[in-house]
Amino acid sequence: MAAVDSLHAHLVEELTDLRDAETQLTQALPKLAQFATSKALRTAFQKHLKETRTHLTRIDQALRALGEKPSSETCEAMKGLLKEGEKHMKKAPAGALRDAVLITGAQKVEHYEMASYGTARTYAQVLGEQQVARLLEQTLNEEKAADRTLTDIAEGSVNEEAAEEWQSQSEEGPLMRSAGWAGRTGGMAVRQLTRTVRRAASAVGMAQDRSTGRSSRTSSSRGQQRSMARRRATTKKR
Ligand SMILES: [Fe+2]
C-alpha cells in the first residue's frame with residue numbers, strides 16, 4: 001500500500017481495511033446464524049449477512065469515487081475479534097448461554113465497524129467527498145441498527161434465559177437439571193416447561209433446599225409437622 005501522507009490516503013487505507021473486514025464477516029455470519037438457538041438471533045444474523053454484502057458494494061463505490069481501484073488488505077482487528085468470538089462460542093453449550101456469547105462477540109464486531117465507518121464518514125465530509133460520505137453514512141446507520149437489534153434480543157430474552165440455565169444447573173435437583181437440559185436442547189418452549197415444573201414443584205412443597213442441596217419440605221409443611229408433634233406430646237401428658 002502507498003504511504004499515508006494525507007487524509008485522503010488515510011481514508012483510502014481505512015476503506016481498504018473495511019473491505020477485508022466486511023469480507024471476513026460474510027464468511028463468519030452464516031456460522032453465527034447456524035450456532036444460534038434463538039430464532040430472532042438467527043434471523044438477525046441472516047439479515048445482517050445480506051446488509052454486509054451491500055456494505056461491500058458501497059465500499060467499492062466509495063473507493064472508485066475517490067479515484068481508487070478497490071482492493072483489500074487483511075484487517076487484523078476483525079480477524080482477532082472473529083477468532084476470539086469463535087473460541088468462546090465453541091466452549092458454550094447450545095442454548096441461551098451460547099446465544100449470549102454470540103451476541104457478545106457480534107456486538108464487539110459491530111462497535112469496531114461503527115467506529116471505523118463513523119471516522120471514515122467524517123473524513124469524507126472534511127475532504128468534501130459528499131457522495132462517499134453519504135455511502136458510508138448509510139452503512140453506519142445499518143451497523144447501528146444491527147447493534148440495537150442485538151441489544152433488544154439480549155435484553156428481551158437471551159440474558160435472562162442464560163441466567164436461568166446457570167441457576168438450573170448449579171442450584172437445583174435432578175428433576176430441574178433434566179428439564180434445564182431439555183430446555184437447552186429443545187428450545188424456548190421446553191425452557192418454559194422448566195419454569196412451569198419449578199413453580200409446580202414449589203407449590204406441592206417439594207422445593208429444593210438451596211442451602212444444603214437436599215430435597216426438603218417447605219417451611220409450612222415443617223410447621224404442620226411441629227404442631228402435630230406438640231399435639232401428640234400434650235395427649236400423652238393427659
Ligand atoms: Fe458491515
# chains A, B, ... in the order shown; residues from 1 in each chain; ligands from 1

$ residues_around --residues "Gly80 in chain A" --least-positions-apart "2" --cutoff "12 Å" --atoms "only C-alpha atoms" --output "list in words"
Ala21, Gln24, Thr74, Cys75, Glu76, Ala77, Met78, Leu82, Lys83, Glu84, Gly85, Glu86, Lys87, Gly105, Lys108, Val109 and Tyr112 of chain A

$ residues_near_ligand --ligand "ligand 1" --cutoff "7 Å" --atoms "only C-alpha atoms and all ligand atoms" --output "PyMOL selection string"
chain A and resi 22+51-52+55+113+139+143

$ atom_distance --atom1 "CA of Pro93 in chain A" --atom2 "CA of Lys50 in chain A"
27.4 Å

$ residues_around --residues "range 26-31 of chain A" --least-positions-apart "5" --cutoff "8 Å" --atoms "only C-alpha atoms" --output "number ranges by chain"
A: 45-46, 48-49, 52-53, 82

$ closest_residue --among "A:Leu25, A:Thr43, A:Ser157, A:His8" --to "Glu129 in chain A" --atoms "only C-alpha atoms"
A:His8

$ residues_around --residues "range 160-163 of chain A" --least-positions-apart "2" --cutoff "8 Å" --atoms "only C-alpha atoms" --output "PyMOL selection string"
chain A and resi 95-97+100+155+157-158+165-167

$ select_by_dssp --residues "range 24-100 of chain A" --states "helix (DSSP H, G or I)" --output "VMD selection string"
chain A and resid 24 to 35 39 to 65 76 to 91 96 to 100

$ residues_around --residues "Ala133 in chain A" --least-positions-apart "6" --cutoff "6 Å" --atoms "only C-alpha atoms" --output "PDB file with N, CA and C atoms, in the first residue's frame"
ATOM      1  N   ARG A 121     -16.547   8.252   7.491  1.00  0.00           N
ATOM      2  CA  ARG A 121     -17.600   9.171   7.014  1.00  0.00           C
ATOM      3  C   ARG A 121     -17.201  10.631   7.272  1.00  0.00           C
ATOM      4  N   ALA A 124     -14.470  11.836   4.983  1.00  0.00           N
ATOM      5  CA  ALA A 124     -15.029  12.102   3.649  1.00  0.00           C
ATOM      6  C   ALA A 124     -15.719  13.473   3.634  1.00  0.00           C
ATOM      7  N   GLN A 125     -16.448  13.784   4.710  1.00  0.00           N
ATOM      8  CA  GLN A 125     -17.113  15.097   4.801  1.00  0.00           C
ATOM      9  C   GLN A 125     -16.082  16.218   4.798  1.00  0.00           C
TER      10      GLN A 125
END

$ atom_distance --atom1 "CA of His111 in chain A" --atom2 "CA of Ala94 in chain A"
25.2 Å

$ residues_around --residues "Arg98 in chain A" --least-positions-apart "3" --cutoff "10 Å" --atoms "only C-alpha atoms" --output "ChimeraX atom specification"
/A:35-38,88-95,101-104,158,162,184

$ residues_around --residues "Asn141 in chain A" --least-positions-apart "5" --cutoff "12 Å" --atoms "only C-alpha atoms" --output "list in words"
Glu51, His55, Glu110, Glu113, Met114, Ala115, Tyr117, Gly118, Arg121, Arg134, Leu135, Leu136, Ala146, Asp147 and Arg148 of chain A

$ atom_distance --atom1 "CA of Leu15 in chain A" --atom2 "CA of Thr54 in chain A"
14.3 Å
